[in-house]
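To be precise, the following lines are model-v1.txt, and they hold compact mmCIF, C-alpha atoms.
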# COMPACT_ATOMS: atom_id res chain seq x y z
CA ALA U 58 -43.41 -48.08 18.32
CA LYS U 59 -42.78 -47.42 21.97
CA VAL U 60 -42.68 -44.04 23.67
CA SER U 61 -39.08 -43.50 24.74
CA ARG U 62 -36.68 -41.07 26.35
CA GLU U 63 -34.56 -39.33 23.73
CA ASP U 64 -32.09 -36.48 23.40
CA ILE U 65 -33.79 -34.06 21.02
CA ALA U 66 -32.18 -31.04 19.40
CA VAL U 67 -33.54 -28.48 16.92
CA LYS U 68 -30.75 -27.65 14.51
CA ILE U 69 -30.14 -25.29 11.60
CA SER U 70 -27.66 -26.52 9.01
CA ALA U 71 -25.19 -24.31 7.17
CA SER U 72 -21.79 -24.52 5.54
CA GLY U 73 -18.72 -22.53 6.46
CA THR U 74 -14.94 -22.26 6.44
CA VAL U 75 -12.47 -22.62 9.29
CA GLU U 76 -10.54 -19.37 9.73
CA PRO U 77 -7.88 -18.14 12.19
CA GLU U 78 -9.10 -15.55 14.70
CA GLU U 79 -6.72 -12.94 13.32
CA PHE U 80 -4.46 -12.68 10.28
CA VAL U 81 -1.52 -10.30 9.97
CA ASP U 82 -0.25 -9.59 6.48
CA VAL U 83 3.41 -8.62 6.91
CA GLY U 84 4.74 -6.40 4.13
CA ALA U 85 7.82 -4.34 3.25
CA GLN U 86 7.97 -0.57 3.74
CA VAL U 87 11.13 -0.15 1.65
CA ALA U 88 12.21 -1.51 -1.73
CA GLY U 89 15.10 -3.85 -2.25
CA LYS U 90 16.27 -7.40 -2.85
CA ILE U 91 15.61 -10.17 -0.31
CA ILE U 92 19.06 -11.44 0.71
CA GLU U 93 18.18 -13.90 3.50
CA PHE U 94 15.44 -15.27 5.75
CA GLY U 95 15.51 -15.24 9.54
CA THR U 96 15.57 -18.34 11.73
CA GLU U 97 12.96 -19.83 14.01
CA PRO U 98 13.24 -18.74 17.66
CA ASN U 99 14.15 -22.17 19.07
CA SER U 100 16.08 -23.68 16.17
CA ASP U 101 18.45 -22.89 13.31
CA LYS U 102 15.78 -23.65 10.71
CA ALA U 103 15.04 -20.83 8.28
CA ILE U 104 11.63 -19.20 8.42
CA ASP U 105 9.24 -21.10 6.17
CA TYR U 106 5.66 -22.36 5.94
CA GLY U 107 4.39 -23.47 9.35
CA SER U 108 7.17 -21.78 11.35
CA ILE U 109 6.13 -20.58 14.80
CA VAL U 110 7.36 -17.03 15.41
CA GLU U 111 7.42 -14.66 18.37
CA PRO U 112 7.05 -10.85 18.41
CA GLY U 113 10.28 -9.39 17.03
CA THR U 114 11.43 -12.57 15.27
CA VAL U 115 13.42 -11.67 12.14
CA LEU U 116 11.51 -12.94 9.12
CA ALA U 117 13.68 -11.65 6.28
CA LYS U 118 16.34 -9.07 5.42
CA ILE U 119 16.45 -6.69 2.48
CA ASP U 120 19.77 -5.52 0.98
CA ASP U 121 20.64 -2.43 3.07
CA ALA U 122 23.64 -0.99 1.15
CA LEU U 123 21.77 2.04 -0.22
CA TYR U 124 20.04 2.75 3.08
CA THR U 125 23.33 2.55 5.01
CA ALA U 126 24.84 5.14 2.64
CA GLU U 127 21.84 7.41 3.14
CA VAL U 128 22.31 7.17 6.91
CA GLN U 129 25.98 8.18 6.58
CA LEU U 130 25.12 11.16 4.35
CA ALA U 131 22.36 12.29 6.71
CA ARG U 132 24.67 11.94 9.72
CA SER U 133 27.38 14.01 7.99
CA ALA U 134 24.87 16.75 7.12
CA MET U 135 23.65 16.75 10.72
CA HIS U 136 27.20 17.16 12.09
CA GLN U 137 27.81 20.06 9.70
CA SER U 138 24.60 21.81 10.69
CA GLN U 139 25.44 21.16 14.35
CA HIS U 140 28.84 22.89 13.85
CA GLN U 141 27.09 25.84 12.20
CA LEU U 142 24.67 26.04 15.10
CA ARG U 143 27.50 26.16 17.59
CA ASN U 144 29.19 28.95 15.61
CA ALA U 145 25.93 30.88 15.55
CA GLU U 146 25.54 30.41 19.30
CA SER U 147 29.12 31.69 19.76
CA GLY U 148 28.17 34.74 17.69
CA VAL U 149 25.30 35.41 20.06
CA VAL U 150 27.65 35.21 23.04
CA LYS U 151 30.09 37.63 21.34
CA ALA U 152 27.28 40.04 20.43
CA GLN U 153 26.02 39.96 24.02
CA ALA U 154 29.55 40.75 25.27
CA ASP U 155 29.89 43.61 22.77
CA LEU U 156 26.56 44.99 23.96
CA ARG U 157 27.62 44.87 27.58
CA ARG U 158 30.94 46.57 26.74
CA ALA U 159 29.12 49.27 24.78
CA GLU U 160 26.74 49.81 27.70
CA ALA U 161 29.72 50.21 30.06
CA ASP U 162 31.38 52.68 27.68
CA LEU U 163 28.13 54.61 27.49
CA LEU U 164 28.01 54.94 31.26
CA ARG U 165 31.60 56.24 31.25
CA LEU U 166 30.86 58.68 28.45
CA GLN U 167 27.74 59.90 30.21
CA SER U 168 29.87 60.59 33.29
CA VAL U 169 32.51 62.42 31.24
CA ALA U 170 29.86 64.45 29.41
CA LYS U 171 28.23 65.42 32.71
CA GLN U 172 31.55 66.48 34.17
CA ALA U 173 32.48 68.49 31.05
CA ASP U 174 29.09 70.21 31.08
CA GLN U 175 29.47 71.19 34.73
CA GLN U 176 33.02 72.46 34.10
CA TRP U 177 31.82 74.54 31.17
CA LYS U 178 29.02 76.08 33.22
CA ARG U 179 31.46 77.10 35.99
CA THR U 180 33.91 78.49 33.46
CA GLU U 181 31.10 80.37 31.73
CA GLY U 182 30.18 82.06 35.04
CA LEU U 183 33.75 82.95 35.78
CA PHE U 184 34.19 84.21 32.19
CA LYS U 185 31.22 86.56 32.60
CA ASN U 186 32.81 87.94 35.77
CA LYS U 187 36.14 88.33 33.95
CA VAL U 188 37.79 85.85 36.31
CA VAL U 189 39.05 83.57 33.54
CA GLY U 190 40.32 84.38 30.14
CA ASP U 191 39.09 83.52 26.72
CA GLN U 192 41.41 80.57 26.36
CA GLU U 193 40.11 78.72 29.43
CA TYR U 194 36.54 79.44 28.35
CA GLU U 195 37.15 78.03 24.89
CA LEU U 196 38.89 74.93 26.29
CA ALA U 197 35.95 74.22 28.61
CA GLU U 198 33.49 74.68 25.77
CA THR U 199 35.52 72.40 23.50
CA ALA U 200 35.73 69.73 26.21
CA MET U 201 31.96 69.85 26.70
CA THR U 202 31.26 69.58 22.97
CA THR U 203 33.71 66.70 22.60
CA ALA U 204 32.16 64.82 25.54
CA LYS U 205 28.66 65.19 24.04
CA ALA U 206 29.90 63.94 20.69
CA GLN U 207 31.54 60.93 22.30
CA LEU U 208 28.29 60.26 24.22
CA ALA U 209 26.37 60.23 20.92
CA VAL U 210 28.91 57.80 19.48
CA GLY U 211 28.47 55.58 22.56
CA GLU U 212 24.69 55.57 22.12
CA ALA U 213 25.09 54.66 18.46
CA THR U 214 27.45 51.86 19.45
CA ILE U 215 24.74 50.52 21.78
CA GLU U 216 22.20 50.45 18.95
CA GLN U 217 24.73 48.74 16.69
CA ALA U 218 25.50 46.11 19.35
CA LYS U 219 21.76 45.43 19.84
CA ALA U 220 21.32 44.99 16.08
CA SER U 221 24.30 42.63 15.97
CA LEU U 222 22.79 40.63 18.83
CA ASP U 223 19.44 40.38 17.04
CA ALA U 224 21.17 39.23 13.84
CA ALA U 225 23.15 36.62 15.81
CA LYS U 226 19.95 35.34 17.38
CA ILE U 227 18.32 35.07 13.94
CA ALA U 228 21.36 33.16 12.72
CA VAL U 229 20.99 30.81 15.68
CA GLY U 230 17.32 30.21 14.81
CA GLU U 231 18.18 29.45 11.19
CA SER U 232 21.00 27.15 12.24
CA GLN U 233 18.70 25.45 14.74
CA SER U 234 16.11 24.86 12.00
CA ARG U 235 18.76 23.40 9.68
CA PHE U 236 20.03 21.21 12.50
CA GLU U 237 16.56 19.92 13.31
CA GLY U 238 15.94 19.27 9.60
CA THR U 239 19.11 17.21 9.29
CA GLN U 240 18.17 15.37 12.48
CA ALA U 241 14.80 14.48 10.91
CA LEU U 242 16.52 13.32 7.73
CA LEU U 243 18.90 11.18 9.78
CA SER U 244 15.99 9.71 11.75
CA LYS U 245 14.16 8.91 8.49
CA ALA U 246 17.26 7.32 6.99
CA GLU U 247 17.85 5.24 10.14
CA LYS U 248 14.18 4.18 10.16
CA ASN U 249 14.39 3.11 6.50
CA LEU U 250 17.55 1.18 7.33
CA ASP U 251 15.72 -0.52 10.19
CA TYR U 252 12.86 -1.38 7.83
CA THR U 253 15.26 -3.52 5.79
CA THR U 254 14.98 -6.06 8.61
CA ILE U 255 11.43 -7.44 8.53
CA ARG U 256 10.22 -8.67 11.92
CA SER U 257 7.10 -10.45 13.11
CA PRO U 258 4.68 -8.11 14.93
CA ILE U 259 2.88 -10.94 16.78
CA ARG U 260 3.19 -14.47 18.05
CA GLY U 261 1.76 -16.86 15.49
CA VAL U 262 2.29 -19.34 12.69
CA ILE U 263 3.51 -18.60 9.16
CA VAL U 264 0.58 -19.59 6.96
CA ASP U 265 2.04 -18.31 3.70
CA ARG U 266 5.51 -17.18 2.50
CA ARG U 267 5.20 -15.16 -0.68
CA VAL U 268 8.84 -14.27 -1.49
CA ASN U 269 12.10 -16.07 -2.20
CA ILE U 270 15.72 -15.11 -1.69
CA GLY U 271 16.90 -12.91 -4.56
CA GLN U 272 13.43 -11.56 -5.27
CA THR U 273 13.11 -7.76 -5.39
CA VAL U 274 10.23 -6.17 -3.54
CA VAL U 275 8.95 -2.77 -4.62
CA SER U 276 7.29 -0.57 -2.01
CA ASN U 277 4.49 1.67 -3.26
CA LEU U 278 1.13 2.91 -1.98
CA ASN U 279 0.17 -0.72 -1.26
CA ALA U 280 2.91 -2.45 0.72
CA PRO U 281 3.85 -5.78 -0.91
CA SER U 282 2.78 -8.81 1.13
CA LEU U 283 5.68 -11.05 2.12
CA PHE U 284 4.32 -13.27 4.91
CA LEU U 285 0.84 -14.18 6.13
CA ILE U 286 0.81 -14.94 9.86
CA ALA U 287 -2.08 -16.54 11.77
CA LYS U 288 -2.12 -15.13 15.28
CA ASP U 289 -2.96 -18.27 17.26
CA LEU U 290 -4.17 -21.55 15.77
CA ARG U 291 -5.23 -22.78 19.20
CA LYS U 292 -8.30 -20.59 18.79
CA LEU U 293 -10.08 -20.65 15.46
CA GLU U 294 -13.32 -19.38 13.98
CA VAL U 295 -15.83 -20.87 11.59
CA TRP U 296 -17.40 -18.37 9.19
CA ALA U 297 -20.77 -19.89 8.33
CA SER U 298 -23.20 -18.60 5.67
CA VAL U 299 -26.72 -18.66 7.12
CA ASN U 300 -29.84 -18.17 5.00
CA GLU U 301 -31.96 -15.11 5.76
CA ALA U 302 -34.88 -17.38 6.69
CA ASP U 303 -32.88 -18.86 9.58
CA ILE U 304 -30.87 -15.84 10.78
CA GLY U 305 -33.68 -14.65 13.07
CA VAL U 306 -33.13 -17.47 15.57
CA ILE U 307 -29.32 -17.23 15.62
CA ALA U 308 -28.03 -15.53 18.78
CA VAL U 309 -24.62 -14.87 20.30
CA GLY U 310 -23.61 -17.68 22.65
CA MET U 311 -25.73 -20.34 20.88
CA PRO U 312 -24.02 -23.78 20.90
CA VAL U 313 -22.81 -25.09 17.58
CA GLU U 314 -21.52 -28.42 16.35
CA PHE U 315 -19.78 -29.11 13.07
CA THR U 316 -17.79 -31.67 11.15
CA VAL U 317 -15.02 -31.38 8.58
CA ASP U 318 -14.17 -33.76 5.77
CA ALA U 319 -10.68 -34.28 7.19
CA PHE U 320 -12.21 -35.93 10.30
CA PRO U 321 -15.65 -37.18 9.17
CA ASN U 322 -16.29 -39.24 12.30
CA GLU U 323 -15.47 -36.50 14.80
CA VAL U 324 -17.83 -33.74 15.91
CA PHE U 325 -16.35 -30.39 16.94
CA HIS U 326 -18.11 -27.88 19.14
CA GLY U 327 -18.19 -24.11 19.49
CA ASN U 328 -20.42 -21.14 20.23
CA VAL U 329 -21.77 -18.28 18.16
CA LYS U 330 -19.39 -15.37 18.57
CA GLN U 331 -20.77 -12.76 16.18
CA VAL U 332 -23.57 -12.20 13.69
CA ARG U 333 -22.31 -9.90 10.96
CA LEU U 334 -24.72 -7.47 9.37
CA ASN U 335 -23.05 -7.16 5.95
CA ALA U 336 -25.28 -9.61 4.13
CA SER U 337 -24.40 -10.87 0.67
CA MET U 338 -26.73 -11.72 -2.21
CA THR U 339 -26.00 -14.49 -4.69
CA GLN U 340 -28.63 -15.24 -7.34
CA SER U 341 -31.33 -13.52 -5.23
CA VAL U 342 -30.38 -15.60 -2.16
CA VAL U 343 -29.46 -13.46 0.87
CA THR U 344 -27.05 -14.94 3.39
CA TYR U 345 -25.43 -13.61 6.56
CA THR U 346 -22.01 -14.51 7.92
CA VAL U 347 -22.12 -15.96 11.44
CA VAL U 348 -18.80 -16.29 13.27
CA VAL U 349 -18.42 -19.33 15.53
CA GLY U 350 -15.60 -19.43 18.10
CA VAL U 351 -13.82 -22.80 18.33
CA ASP U 352 -11.22 -24.13 20.77
CA ASN U 353 -8.48 -25.86 18.78
CA THR U 354 -6.16 -26.81 21.62
CA SER U 355 -5.83 -30.27 20.07
CA GLY U 356 -4.43 -28.71 16.90
CA LYS U 357 -6.50 -30.96 14.62
CA LEU U 358 -8.35 -28.22 12.80
CA LEU U 359 -6.48 -26.37 10.07
CA PRO U 360 -7.30 -23.05 8.40
CA TYR U 361 -9.60 -23.09 5.36
CA LEU U 362 -11.19 -26.50 6.03
CA THR U 363 -14.81 -26.68 4.91
CA ALA U 364 -17.17 -27.11 7.87
CA ASN U 365 -20.66 -28.60 7.90
CA VAL U 366 -22.24 -26.51 10.64
CA ARG U 367 -25.33 -27.20 12.75
CA PHE U 368 -26.65 -24.46 15.04
CA ILE U 369 -28.42 -25.94 18.05
CA VAL U 370 -31.49 -23.73 18.46
CA ALA U 371 -33.03 -25.82 21.26
CA GLN U 372 -32.22 -29.12 22.89
CA LYS U 373 -33.49 -31.34 25.69
CA SER U 374 -31.93 -34.36 27.26
CA ARG U 375 -34.00 -37.53 27.88
CA ALA U 376 -37.24 -35.90 26.87
CA LEU U 377 -40.41 -38.04 26.56
CA ALA U 378 -40.54 -38.55 22.79
CA ILE U 379 -42.58 -40.18 20.08
CA PRO U 380 -41.59 -40.92 16.46
CA GLY U 381 -42.67 -38.20 14.04
CA ALA U 382 -44.82 -40.71 12.15
CA ALA U 383 -46.99 -41.22 15.24
CA ALA U 384 -48.21 -37.61 15.13
CA ARG U 385 -48.93 -37.78 11.40
CA TRP U 386 -50.86 -41.06 11.26
CA LYS U 387 -54.66 -40.73 11.16
CA PRO U 388 -56.99 -43.73 11.48
CA LYS U 389 -60.05 -44.43 9.36
CA PRO U 390 -63.38 -43.80 11.12
CA GLU U 391 -64.14 -47.51 11.34
CA GLN U 392 -60.79 -48.07 13.10
CA ILE U 393 -61.59 -45.69 15.98
CA ALA U 394 -63.14 -47.11 19.13
CA GLU U 395 -66.86 -46.42 19.52
CA GLY U 396 -66.55 -44.02 22.43
CA TYR U 397 -64.23 -41.70 20.50
CA ARG U 398 -65.57 -41.99 16.99
CA SER U 399 -68.05 -39.14 17.19
CA ARG U 400 -65.34 -36.74 18.31
CA TYR U 401 -62.31 -37.79 16.26
CA ALA U 402 -63.90 -39.25 13.11
CA PRO U 403 -64.38 -36.80 10.20
CA THR U 404 -67.83 -35.22 10.07
CA SER U 405 -70.33 -36.21 7.39
CA GLY U 406 -73.50 -34.89 5.90
CA LYS U 407 -74.42 -31.28 6.57
CA ASN U 408 -71.55 -30.71 8.98
CA ASP U 409 -69.11 -32.05 6.39
CA LYS U 410 -70.47 -29.61 3.82
CA ALA U 411 -70.14 -26.75 6.28
CA SER U 412 -66.57 -27.74 6.98
CA LYS U 413 -65.76 -27.81 3.29
CA ALA U 414 -67.40 -24.43 2.90
CA GLY U 415 -65.02 -22.97 5.44
CA GLY U 416 -67.05 -23.52 8.60
CA PRO U 417 -65.60 -24.70 11.92
CA SER U 418 -64.41 -28.28 12.21
CA LYS U 419 -64.70 -30.37 15.35
CA THR U 420 -61.39 -32.05 14.61
CA ALA U 421 -59.31 -28.82 14.46
CA THR U 422 -56.47 -28.83 17.01
CA PRO U 423 -54.17 -26.05 18.22
CA PRO U 424 -50.67 -25.91 16.65
CA ASN U 425 -48.99 -27.19 19.80
CA GLN U 426 -51.44 -30.07 20.26
CA ALA U 427 -51.53 -33.45 18.56
CA THR U 428 -53.27 -36.78 18.86
CA VAL U 429 -51.53 -40.14 19.02
CA TRP U 430 -53.27 -43.51 18.91
CA VAL U 431 -52.89 -46.65 20.95
CA VAL U 432 -54.38 -50.07 20.22
CA ASP U 433 -57.59 -50.83 22.07
CA GLY U 434 -58.61 -54.38 21.17
CA SER U 435 -59.51 -54.40 17.49
CA PHE U 436 -59.66 -50.59 17.40
CA VAL U 437 -57.48 -47.63 18.30
CA LYS U 438 -58.18 -44.91 20.81
CA PRO U 439 -56.75 -41.36 20.96
CA ILE U 440 -54.45 -39.72 23.46
CA ASP U 441 -54.07 -35.93 23.26
CA VAL U 442 -50.52 -34.68 23.78
CA THR U 443 -48.78 -31.31 23.93
CA ILE U 444 -45.97 -30.99 21.42
CA GLY U 445 -42.59 -29.58 22.33
CA ILE U 446 -39.43 -29.40 20.24
CA ALA U 447 -38.82 -31.81 17.38
CA ASP U 448 -35.96 -33.04 15.25
CA ALA U 449 -35.89 -35.19 12.14
CA ASN U 450 -36.82 -38.38 14.04
CA PHE U 451 -38.58 -37.56 17.30
CA ILE U 452 -41.06 -35.13 18.77
CA GLU U 453 -41.09 -34.13 22.43
CA VAL U 454 -44.52 -34.64 24.01
CA THR U 455 -46.16 -33.96 27.33
CA SER U 456 -49.10 -36.08 28.47
CA THR U 457 -50.39 -37.58 31.69
CA GLU U 458 -51.56 -40.66 29.78
CA LEU U 459 -48.28 -41.49 28.07
CA THR U 460 -45.35 -43.04 29.85
CA GLU U 461 -42.07 -44.43 28.70
CA GLY U 462 -42.65 -47.79 27.02
CA THR U 463 -46.25 -47.14 25.95
CA GLU U 464 -46.87 -48.57 22.50
CA ILE U 465 -48.39 -46.14 20.00
CA VAL U 466 -49.41 -46.57 16.39
CA VAL U 467 -47.02 -45.14 13.79
CA GLY U 468 -48.68 -46.65 10.69
CA GLU U 469 -50.54 -49.59 9.25
CA GLN U 470 -49.61 -52.31 6.81
CA ALA U 471 -52.15 -53.96 4.55
CA ALA U 472 -52.23 -57.75 4.70
CA ALA U 473 -50.71 -59.33 1.62
CA ARG U 474 -53.20 -61.17 -0.56
CA LYS U 475 -52.48 -64.85 -1.05
CA GLN U 476 -51.84 -65.54 -4.73
CA THR U 477 -52.90 -68.85 -6.30
CA LYS U 478 -50.97 -70.43 -9.11
CA ASN U 479 -52.76 -71.60 -12.22
CA PRO U 480 -51.29 -75.00 -13.05
CA PHE U 481 -52.26 -74.55 -16.69
CA ALA U 482 -50.53 -71.15 -17.09
CA PRO U 483 -47.34 -71.30 -19.11
CA SER U 484 -44.13 -70.34 -17.39
CA ILE U 485 -41.44 -68.12 -19.00
CA ALA U 486 -37.90 -69.32 -18.41
CA GLY U 487 -35.79 -66.72 -16.68
CA GLY U 488 -38.74 -64.41 -16.20
CA ILE U 489 -41.01 -63.47 -13.31
CA GLU U 490 -44.19 -65.40 -12.87
CA LYS U 491 -47.24 -63.21 -12.53

Could you quickly redo this structure as structure tokens?
Amino acid sequence: AKVSREDIAVKISASGTVEPEEFVDVGAQVAGKIIEFGTEPNSDKAIDYGSIVEPGTVLAKIDDALYTAEVQLARSAMHQSQHQLRNAESGVVKAQADLRRAEADLLRLQSVAKQADQQWKRTEGLFKNKVVGDQEYELAETAMTTAKAQLAVGEATIEQAKASLDAAKIAVGESQSRFEGTQALLSKAEKNLDYTTIRSPIRGVIVDRRVNIGQTVVSNLNAPSLFLIAKDLRKLEVWASVNEADIGVIAVGMPVEFTVDAFPNEVFHGNVKQVRLNASMTQSVVTYTVVVGVDNTSGKLLPYLTANVRFIVAQKSRALAIPGAAARWKPKPEQIAEGYRSRYAPTSGKNDKASKAGGPSKTATPPNQATVWVVDGSFVKPIDVTIGIADANFIEVTSTELTEGTEIVVGEQAAARKQTKNPFAPSIAGGIEK
């Protein structure tokens, strides 16, 4: 065979599945009966398998009669609590006014009590000097006592007004709490009512529709799945299972090629996106999941197709290459040219025994070195080469003695022996003559 220029690639084979980059499982947060499906954004067609949806597109509607009634009840309770809150706030205003009025009355009573006290003191002095009579003295004393009593009543009225104001404020706080509680109940009821309309959270394609009109969905700890949406089928992933023996050479960014049974004659390309660490074991075989990013702008690839994946560990374009058989073929000693026989022919005698006993061999070569043979007259002669990458058919080599087109030996074929026919041997009809 001739030395040639070949495109050589070292590949690791694996199998995998085509998957969308992201799935969204759309469920229902409330229970009820499905009464209708939404329509596609750009047509009047009902949402179904394969429908393209946008964020906010209505997917389905659940019967909202019960939830509408709950909203009305919650709104009525909120209005009632709001009215009670306003009454309580009015009570605070009234209590504040009563307190201010009581404080004003107290100031007036303090002034009256002061004046009565002063009048009594003057009258008492005049009474001691016999200037006024007993009647005027008693009237002044009575006026003073009455003024002090009224002052005490005014002070008590102040305390009562303060207590009434505190009670009104407490009533406002309680009414405010009830109002906020009814607001929360109304918000919850309105949110549940809104949940009866199921909308798409993303732009994508409906991969699976799991309900029909008239079907009742029951919401519990695990929301029932109604629609499965693939985020964007223009970008897909291949989840490949790689054996633990090969995972060491897989790296992010490594080029990948794969085929699918749907398009057996077409090769798709991608790059390693992620090497997941959660290995799985099946019958003592450990495999890792490697995620390959794939551009599906053409739209040919579909989710869940089985992919035959080949990771390209190394590759070279138009490398100087020899057939793999050329590196494996070894000539017999008598086939090697005289000048090379002593070096490349197997040792014999004592040296051969030493070699078999584990001693050094003259023919040992480093792992990255090999010998190929070219015809030299009736013999063959060796050419040492440095081995590079290899695939199933070719091996990359480096040598100053080899050039493109050089013929090298890849094997030998024994000459067929000429068979003579015995004219006296009987022949068997329909059989094979031997």

Let me make sure I understand: among U:Ser456, U:Thr199, U:Gln240, U:Asn353, which one has the smallest atom-to-atom distance to Glu78 of chain U if we use only C-alpha atoms?
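Looking only at the distances to Glu78 of chain U, the closest residue turns out to be U:Asn353.
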
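You can rank U:Asn249, U:Gln153, U:Ile263, U:Leu183 by their closest distance to Ser221 of chain U using all atoms listed in the file, and at the top of that list sits U:Gln153.
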
Do you know which residues are at most 12 Å from segment 380-387 of chain U counting all atoms listed in the file, after dropping those on the same chain fewer than 5 positions away, and could you put them as number ranges by chain?
U: 58-63, 65, 392-393, 401-403, 420, 425-431, 437-454, 464-469

Hey, can you check how far atom CA of Glu79 of chain U sits from atom CA of Asp289 of chain U?
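Atom-to-atom, atom CA of Glu79 of chain U and atom CA of Asp289 of chain U are spaced 7.6 Å apart.
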
Write out as a CSV table (one decimal) with C-alpha atoms, keeping the file's coordinate frame which residues come within 9 Å of Leu130 of chain U when counting only C-alpha atoms, dropping same-chain ones fewer than 5 positions away.
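New file part24.csv:
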chain,number,residue,atom,x,y,z
U,125,THR,CA,23.3,2.6,5.0
U,135,MET,CA,23.6,16.8,10.7
U,243,LEU,CA,18.9,11.2,9.8

Quick one, how far is atom CA of Val150 of chain U from atom CA of Ser232 of chain U?
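We find that atom CA of Val150 of chain U and atom CA of Ser232 of chain U lie 15.0 Å from each other.
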
Closest to Ala220 of chain U among U:Leu334, U:Leu156, U:Val306, U:Ala170, using only C-alpha atoms?
U:Leu156

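Compared by their closest atoms to Ile109 of chain U, and using all atoms listed in the file, the residues U:Leu290, U:Val432, U:Ala225, U:Ala378 rank with U:Leu290 nearest.
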
As a list in words, please: the residues near Arg132 of chain U (cut-off 10 Å, only C-alpha atoms, same-chain neighbours under 4 positions excluded).
Ala126, Glu127, Val128, His136, Gln137, Ser138, Thr239, Gln240, Leu242, Leu243, Ser244, Ala246 and Glu247 of chain U

Name the residues in contact with Phe80 of chain U at a cut-off of 12 Å, using only C-alpha atoms, excluding same-chain residues fewer than 6 positions from it; report them as a PDB file with C-alpha atoms, keeping the file's coordinate frame.
ATOM      1  CA  PRO U 258       4.680  -8.110  14.930  1.00  0.00           C
ATOM      2  CA  ILE U 259       2.880 -10.940  16.780  1.00  0.00           C
ATOM      3  CA  ARG U 260       3.190 -14.470  18.050  1.00  0.00           C
ATOM      4  CA  GLY U 261       1.760 -16.860  15.490  1.00  0.00           C
ATOM      5  CA  VAL U 262       2.290 -19.340  12.690  1.00  0.00           C
ATOM      6  CA  ILE U 263       3.510 -18.600   9.160  1.00  0.00           C
ATOM      7  CA  VAL U 264       0.580 -19.590   6.960  1.00  0.00           C
ATOM      8  CA  ASP U 265       2.040 -18.310   3.700  1.00  0.00           C
ATOM      9  CA  PHE U 284       4.320 -13.270   4.910  1.00  0.00           C
ATOM     10  CA  LEU U 285       0.840 -14.180   6.130  1.00  0.00           C
ATOM     11  CA  ILE U 286       0.810 -14.940   9.860  1.00  0.00           C
ATOM     12  CA  ALA U 287      -2.080 -16.540  11.770  1.00  0.00           C
ATOM     13  CA  LYS U 288      -2.120 -15.130  15.280  1.00  0.00           C
ATOM     14  CA  ASP U 289      -2.960 -18.270  17.260  1.00  0.00           C
ATOM     15  CA  LEU U 290      -4.170 -21.550  15.770  1.00  0.00           C
ATOM     16  CA  LEU U 293     -10.080 -20.650  15.460  1.00  0.00           C
ATOM     17  CA  GLU U 294     -13.320 -19.380  13.980  1.00  0.00           C
ATOM     18  CA  PRO U 360      -7.300 -23.050   8.400  1.00  0.00           C
TER      19      PRO U 360
END

Atom CA of Ala131 of chain U to atom CA of Ser282 of chain U: how many Å, to one decimal?
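Spanning atom CA of Ala131 of chain U to atom CA of Ser282 of chain U is a straight-line distance of 29.3 Å.
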
Compile the contact shell of Glu323 of chain U as a VMD selection string: residues with an atom at most 12 Å away, counting all atoms listed in the file, same-chain residues fewer than 6 positions apart removed.
chain U and resid 314 to 317 357 to 358 364 to 365

Is there a way to get, as a PDB file with C-alpha atoms, in the frame of the given file, all residues within 7 Å of the point (7.3, -13.5, 18.8) in file coordinates, counting all atoms listed in the file?
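This went into point_14.pdb:
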ATOM      1  CA  VAL U 110       7.360 -17.030  15.410  1.00  0.00           C
ATOM      2  CA  GLU U 111       7.420 -14.660  18.370  1.00  0.00           C
ATOM      3  CA  PRO U 112       7.050 -10.850  18.410  1.00  0.00           C
ATOM      4  CA  GLY U 113      10.280  -9.390  17.030  1.00  0.00           C
ATOM      5  CA  THR U 114      11.430 -12.570  15.270  1.00  0.00           C
ATOM      6  CA  SER U 257       7.100 -10.450  13.110  1.00  0.00           C
ATOM      7  CA  ILE U 259       2.880 -10.940  16.780  1.00  0.00           C
ATOM      8  CA  ARG U 260       3.190 -14.470  18.050  1.00  0.00           C
TER       9      ARG U 260
END

Taking (-16.1, -19.5, 20.4) in the file's own coordinates, collect the residues within 6 Å, counting only C-alpha atoms, and hand them back as a VMD selection string.
chain U and resid 327 to 328 330 349 to 351

Determine the nearest neighbour of Ala241 of chain U from the options U:Val343, U:Ile104, U:Ala154, U:Ala134, counting only C-alpha atoms.
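For Ala241 of chain U, the nearest of the given residues is U:Ala134.
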
With distances taken over all atoms listed in the file, which of U:Leu222, U:Ile119, U:Val299, U:Ala394 is nearest to Met338 of chain U?
U:Val299
